[in-house]
Amino acid sequence: MLPAKNIFSYRKYWAERFGVAPFLPMSRAEMEALGWDSCDIILVTGDAYVDHPSFGMAIIGRLLEAQGFRVGIIAQPDWTSVEDFQRLGKPNLFFGVTAGNMDSMVNRYTSDRKIRRNDAYTPNDEGGKRPDRAVIVYTQRCREAYRDTPVIIGGIEASLRRIAHYDYWSEKVRRSILLDAKADLLLYGNAERALVEVAHRVAKGEHPKDIQDLRGTAFMRDAVPGGFVELDSTELDTPGKVDPHPDPYAMVTPSTCETAEQAPDAPPPVKVVHLHREIPRDHPREMTVVRLPSFEQVKSDPVLYAHASRLLHLETNPGNARALVQRHGDKEVWLNPPPIPLTTPEMDALFDLPYARAPHPAYGDARIPAWEMIRFSVNIMRGCFGGCTFCSITEHEGRIIQNRSEESIIREIEEIRDKVEGFTGVISDLGGPTANMYRIACKDEKIEQSCRRLSCVYPEICKNLNTDHSALIHLYRRARQVPGVKKVLIASGLRYDLAVESPEYVKELVTHHVGGYLKIAPEHTEQGPLSHMMKPGMGSYDRFKALFDKFSKEAGKEQYLIPYFIAAHPGTTDEDMMNLALWLKRNGFRADQVQAFLPGPMALATAMYHTGRNPLKNVRRKGAEIVQSPKGLRQRRLHKAFLRYHDPENWPLLREALENMGRADLIGNGKRHLVPRFQPAGTGGTGGEGKRVGRKHRPQKFRTQHTRPAR
């Protein structure tokens, strides 16, 4: 692998002379106004173009512009023809294709596989403006528009589908997106390093499919090149005996095959490659590749799928990860190790690029909800070392936190104050994937580079993790002092098990940065589902709540915690959800909305859902932990209903479930009961007049509107 090079140290491309565009062009007229006759690179995205560093196409486009390239944007094209893909002409170097800030299937469908009616990344919140599997569709249209132009894919959809993966929407294991999209190169994760290197090398005449020495890239090969030591993943983490799949069309027994002469027109015998079991001591690690079970194997064998998922996640630390290879038919899908994280100066320079901080003027006065949400917020870091099994942040951004400097963050706050229309003095968020991981890292760089833990905070906080929040406290204080800033809120998810390690931080947060409500995500109360999520127990929540209440009282403020929970996660039983509902009732919480687990591609929880095995532990054919997942529509509805135990529409389903579980004692009209016997008229499918369920209980009225949580 090539060593990491500062992404702003390259000699700029000759087109730098055209200067900086107010917005990257989306039409030929804009190109002509800039004096361009063509684009060097065209980015195709499933999101509306908002020129702000929270939007992938903007940060990538402005970075390439800073390298001297002329970059055009084709946002949310009509994918039913090639015309929209030809609107800017043929790019001189390549197309860059992404589905947008979200996986297109997650964006378009609910966890119950129903089509969403809206899309926060589209003007006026309109749904249906991107296709299913957008990366594949967009790449095909780019090929049809200009057949000989290279296509490079990236973004979260491509990242999470870079190897064979379970697809929840088709309920099958799909091939690497590289094969289905027929792209020349895939960039995964935060791809600035690889993208800048690729762009300059393509400008010098290399073809993207021939660039195979960059971290954070995936591509296809015919075979493993010479010089590599190949390790079988089943030797590194043995799942048990792996028998070859028998050939159903074989006409002779294996013993006959060994002695029979080869017919003249017969295909050549399959060559058996014996893998190295021992690596020579002086062999460089970068010349080692781990062979995962093939697509054909993981497609038909759940144990090998769970095993491959486990191995992929164990090879995600840039300090020690090895290349991975997975056979797909007669092709090898090759994954180079993850990219080296950006340094603080690189992060600063990236966020200091000349963003317009507004949607493209072509959208007029249309409202783009995703832009409205972040227009007054500041991203202070990247990455997450939490490792929650249902989350894609770690797979995409990595476990090592990449921080901006305090000066860069303050400059952005001042820019929001001076440039962003409608600013009233309130910064809506200083955060990122997690609110309080800013400048938190391993105490020892050598330990960090050799670590293979999936989480730095589960099952407990690692003793090598520095949990000092002083840098974040100082940042909050400086941000509040910026002239023109009245309030700085924290809206990103808070890792409360880290926060309780610094009571001073909790006091600072609660006293100055909570707008009445603070959202946190325990996700569940029961140990079974929590252990399969890699989330802390409720003890951490209770300690945080005690600090939150104490400091709120000291500040003379009435403030509330709003906990988030997930229904139907792998490892969750009906009893777990019942106990969660009882906890919610005891604490006075009534959820307005509920979230059911959605198996996203490549997540560890998705491997549990698909295979019934737990990849957090060694995967074995015998004696392995079996994970039960709520899969049927009725059971998933029941788990969601427990979260909304107060909704009369859910009472018939809950009554039936409680009776089947032998917990009819929770049905009644007292405070200790979960659901009442009385069904209000017109609810729960009763129709007509309200009726009693059971003869000994009198009707009782129940409030169904939102109530504030108990303190």
# chains A, B, ... in the order shown; residues from 1 in each chain; ligands from 1
call {"tool": "select_by_dssp", "arguments": {"residues": "segment 68-133 of chain A", "states": "strand (DSSP E)", "output": "ChimeraX atom specification"}}
result
/A:71-75,94-97
call {"tool": "residues_around", "arguments": {"residues": "Phe351 of chain A", "least_positions_apart": "6", "cutoff": "10 Å", "atoms": "only C-alpha atoms", "output": "list in words"}}
result
His52, Pro53, Ser54, Ile59, Arg62, Leu63, Val378, Asn379, Ile380, Arg404, Ser408, Ile409, Arg411 and Glu412 of chain A
call {"tool": "atom_distance", "arguments": {"atom1": "atom CA of Trp651 of chain A", "atom2": "atom CA of Arg117 of chain A"}}
result
27.0 Å
call {"tool": "residues_around", "arguments": {"residues": "Thr525 of chain A", "least_positions_apart": "3", "cutoff": "12 Å", "atoms": "only C-alpha atoms", "output": "MDAnalysis selection string"}}
result
chainID A and resid 521:522 528:531 533 535:542 563:567 572 575:584 643
call {"tool": "atom_distance", "arguments": {"atom1": "atom CA of Gly670 of chain A", "atom2": "atom CA of Lys585 of chain A"}}
result
12.1 Å
call {"tool": "closest_residue", "arguments": {"among": "A:Leu24, A:Ala48, A:Ser170, A:Arg655", "to": "Arg113 of chain A", "atoms": "only C-alpha atoms"}}
result
A:Ser170
call {"tool": "residues_around", "arguments": {"residues": "segment 627-633 of chain A", "least_positions_apart": "3", "cutoff": "7 Å", "atoms": "only C-alpha atoms", "output": "list in words"}}
result
Ala568, His569, Pro570, Gly571, Thr572, Met608, Tyr609, Gly612, Arg613, Asn614, Arg636 and Arg637 of chain A
call {"tool": "write_last_selection", "arguments": {"atoms": "N, CA and C atoms", "output": "mmCIF file, in the first residue's frame"}}
result
data_model
loop_
_atom_site.group_PDB
_atom_site.id
_atom_site.type_symbol
_atom_site.label_atom_id
_atom_site.label_comp_id
_atom_site.auth_asym_id
_atom_site.auth_seq_id
_atom_site.Cartn_x
_atom_site.Cartn_y
_atom_site.Cartn_z
ATOM 1 N N ALA A 568 -37.614 -5.168 18.095
ATOM 2 C CA ALA A 568 -37.382 -6.302 17.196
ATOM 3 C C ALA A 568 -35.915 -6.488 16.810
ATOM 4 N N HIS A 569 -35.000 -6.105 17.678
ATOM 5 C CA HIS A 569 -33.580 -6.332 17.408
ATOM 6 C C HIS A 569 -33.254 -7.812 17.608
ATOM 7 N N PRO A 570 -32.303 -8.370 16.862
ATOM 8 C CA PRO A 570 -31.890 -9.753 17.097
ATOM 9 C C PRO A 570 -31.548 -9.985 18.571
ATOM 10 N N GLY A 571 -31.981 -11.134 19.076
ATOM 11 C CA GLY A 571 -31.744 -11.449 20.465
ATOM 12 C C GLY A 571 -32.810 -10.932 21.411
ATOM 13 N N THR A 572 -33.875 -10.329 20.879
ATOM 14 C CA THR A 572 -34.943 -9.765 21.701
ATOM 15 C C THR A 572 -36.131 -10.718 21.719
ATOM 16 N N MET A 608 -26.524 -11.552 12.458
ATOM 17 C CA MET A 608 -27.317 -12.301 13.449
ATOM 18 C C MET A 608 -28.713 -12.584 12.903
ATOM 19 N N TYR A 609 -29.335 -11.569 12.333
ATOM 20 C CA TYR A 609 -30.695 -11.688 11.813
ATOM 21 C C TYR A 609 -30.770 -12.749 10.720
ATOM 22 N N GLY A 612 -28.775 -16.435 12.322
ATOM 23 C CA GLY A 612 -29.115 -17.012 13.611
ATOM 24 C C GLY A 612 -27.901 -17.315 14.467
ATOM 25 N N ARG A 613 -26.717 -16.827 14.067
ATOM 26 C CA ARG A 613 -25.490 -16.998 14.843
ATOM 27 C C ARG A 613 -25.000 -15.645 15.347
ATOM 28 N N ASN A 614 -24.141 -15.689 16.349
ATOM 29 C CA ASN A 614 -23.613 -14.467 16.940
ATOM 30 C C ASN A 614 -22.168 -14.259 16.510
ATOM 31 N N ARG A 636 -43.017 -8.550 14.783
ATOM 32 C CA ARG A 636 -42.408 -7.219 14.722
ATOM 33 C C ARG A 636 -43.428 -6.147 15.112
ATOM 34 N N ARG A 637 -44.683 -6.322 14.677
ATOM 35 C CA ARG A 637 -45.735 -5.391 15.079
ATOM 36 C C ARG A 637 -45.938 -5.427 16.588
#
call {"tool": "residues_around", "arguments": {"residues": "Ser300 of chain A", "least_positions_apart": "5", "cutoff": "9 Å", "atoms": "only C-alpha atoms", "output": "list in words"}}
result
Val173, Phe295 and Tyr305 of chain A
call {"tool": "write_last_selection", "arguments": {"atoms": "N, CA and C atoms", "output": "short mmCIF file (atom, residue, chain, number, x, y, z; two decimals), in the first residue's frame"}}
result
data_model
loop_
_atom_site.label_atom_id
_atom_site.label_comp_id
_atom_site.auth_asym_id
_atom_site.auth_seq_id
_atom_site.Cartn_x
_atom_site.Cartn_y
_atom_site.Cartn_z
N VAL A 173 -28.73 -13.30 -0.12
CA VAL A 173 -27.36 -12.79 -0.13
C VAL A 173 -27.03 -12.35 -1.55
N PHE A 295 -18.55 -16.11 -2.42
CA PHE A 295 -19.96 -15.70 -2.51
C PHE A 295 -20.86 -16.91 -2.54
N TYR A 305 -21.42 -17.44 6.37
CA TYR A 305 -21.76 -16.02 6.26
C TYR A 305 -21.41 -15.30 7.57
#
call {"tool": "residues_around", "arguments": {"residues": "Ala218 of chain A", "least_positions_apart": "6", "cutoff": "12 Å", "atoms": "only C-alpha atoms", "output": "ChimeraX atom specification"}}
result
/A:152-154,158-163,176-179,183-189,191,194,208-212,323-326,332-339
call {"tool": "write_last_selection", "arguments": {"atoms": "C-alpha atoms", "output": "PDB file, in the first residue's frame"}}
result
ATOM      1  CA  ILE A 152     -15.928   5.021  -9.750  1.00  0.00           C
ATOM      2  CA  ILE A 153     -18.498   4.282  -7.045  1.00  0.00           C
ATOM      3  CA  GLY A 154     -18.461   5.349  -3.406  1.00  0.00           C
ATOM      4  CA  ALA A 158     -21.241   1.209  -2.040  1.00  0.00           C
ATOM      5  CA  SER A 159     -19.210   0.977   1.189  1.00  0.00           C
ATOM      6  CA  LEU A 160     -21.665  -1.313   2.946  1.00  0.00           C
ATOM      7  CA  ARG A 161     -22.103  -3.568  -0.072  1.00  0.00           C
ATOM      8  CA  ARG A 162     -18.466  -4.032  -0.965  1.00  0.00           C
ATOM      9  CA  ILE A 163     -18.508  -7.798  -0.325  1.00  0.00           C
ATOM     10  CA  SER A 176     -20.524  -7.432  -4.134  1.00  0.00           C
ATOM     11  CA  ILE A 177     -21.964  -4.272  -5.647  1.00  0.00           C
ATOM     12  CA  LEU A 178     -18.816  -4.057  -7.776  1.00  0.00           C
ATOM     13  CA  LEU A 179     -20.070  -6.892  -9.964  1.00  0.00           C
ATOM     14  CA  ALA A 183     -17.851  -0.239 -11.841  1.00  0.00           C
ATOM     15  CA  ASP A 184     -14.125   0.149 -12.402  1.00  0.00           C
ATOM     16  CA  LEU A 185     -13.266   0.933  -8.794  1.00  0.00           C
ATOM     17  CA  LEU A 186     -15.032   1.182  -5.420  1.00  0.00           C
ATOM     18  CA  LEU A 187     -13.920   3.642  -2.738  1.00  0.00           C
ATOM     19  CA  TYR A 188     -15.203   2.770   0.716  1.00  0.00           C
ATOM     20  CA  GLY A 189     -15.429   4.724   3.945  1.00  0.00           C
ATOM     21  CA  ALA A 191     -12.573   8.233   0.796  1.00  0.00           C
ATOM     22  CA  ALA A 194      -8.016   7.481  -2.175  1.00  0.00           C
ATOM     23  CA  PRO A 208      -9.053   3.420 -12.461  1.00  0.00           C
ATOM     24  CA  LYS A 209      -9.359  -0.364 -12.836  1.00  0.00           C
ATOM     25  CA  ASP A 210      -5.553  -0.591 -12.936  1.00  0.00           C
ATOM     26  CA  ILE A 211      -5.079   1.326  -9.664  1.00  0.00           C
ATOM     27  CA  GLN A 212      -4.795  -1.423  -7.081  1.00  0.00           C
ATOM     28  CA  ALA A 323      -6.314  -7.166   2.579  1.00  0.00           C
ATOM     29  CA  LEU A 324      -9.347  -9.402   2.046  1.00  0.00           C
ATOM     30  CA  VAL A 325     -10.300 -11.397  -1.031  1.00  0.00           C
ATOM     31  CA  GLN A 326     -13.588 -13.137  -1.824  1.00  0.00           C
ATOM     32  CA  GLU A 332     -11.850 -12.200  -7.147  1.00  0.00           C
ATOM     33  CA  VAL A 333     -13.267  -9.205  -5.261  1.00  0.00           C
ATOM     34  CA  TRP A 334     -10.283  -7.641  -3.520  1.00  0.00           C
ATOM     35  CA  LEU A 335     -10.552  -5.258  -0.552  1.00  0.00           C
ATOM     36  CA  ASN A 336      -7.468  -3.296   0.395  1.00  0.00           C
ATOM     37  CA  PRO A 337      -7.080  -2.323   4.081  1.00  0.00           C
ATOM     38  CA  PRO A 338      -9.068   0.690   5.368  1.00  0.00           C
ATOM     39  CA  PRO A 339      -7.806   4.240   4.785  1.00  0.00           C
TER      40      PRO A 339
END
call {"tool": "residues_around", "arguments": {"residues": "Trp14 of chain A", "least_positions_apart": "5", "cutoff": "10 Å", "atoms": "only C-alpha atoms", "output": "mmCIF file with C-alpha atoms, in the first residue's frame"}}
result
data_model
loop_
_atom_site.group_PDB
_atom_site.id
_atom_site.type_symbol
_atom_site.label_atom_id
_atom_site.label_comp_id
_atom_site.auth_asym_id
_atom_site.auth_seq_id
_atom_site.Cartn_x
_atom_site.Cartn_y
_atom_site.Cartn_z
ATOM 1 C CA GLN A 67 -7.060 19.938 -6.509
ATOM 2 C CA GLY A 68 -7.652 21.968 -9.669
ATOM 3 C CA PHE A 69 -10.307 19.800 -11.348
ATOM 4 C CA ARG A 70 -13.514 21.078 -12.960
#
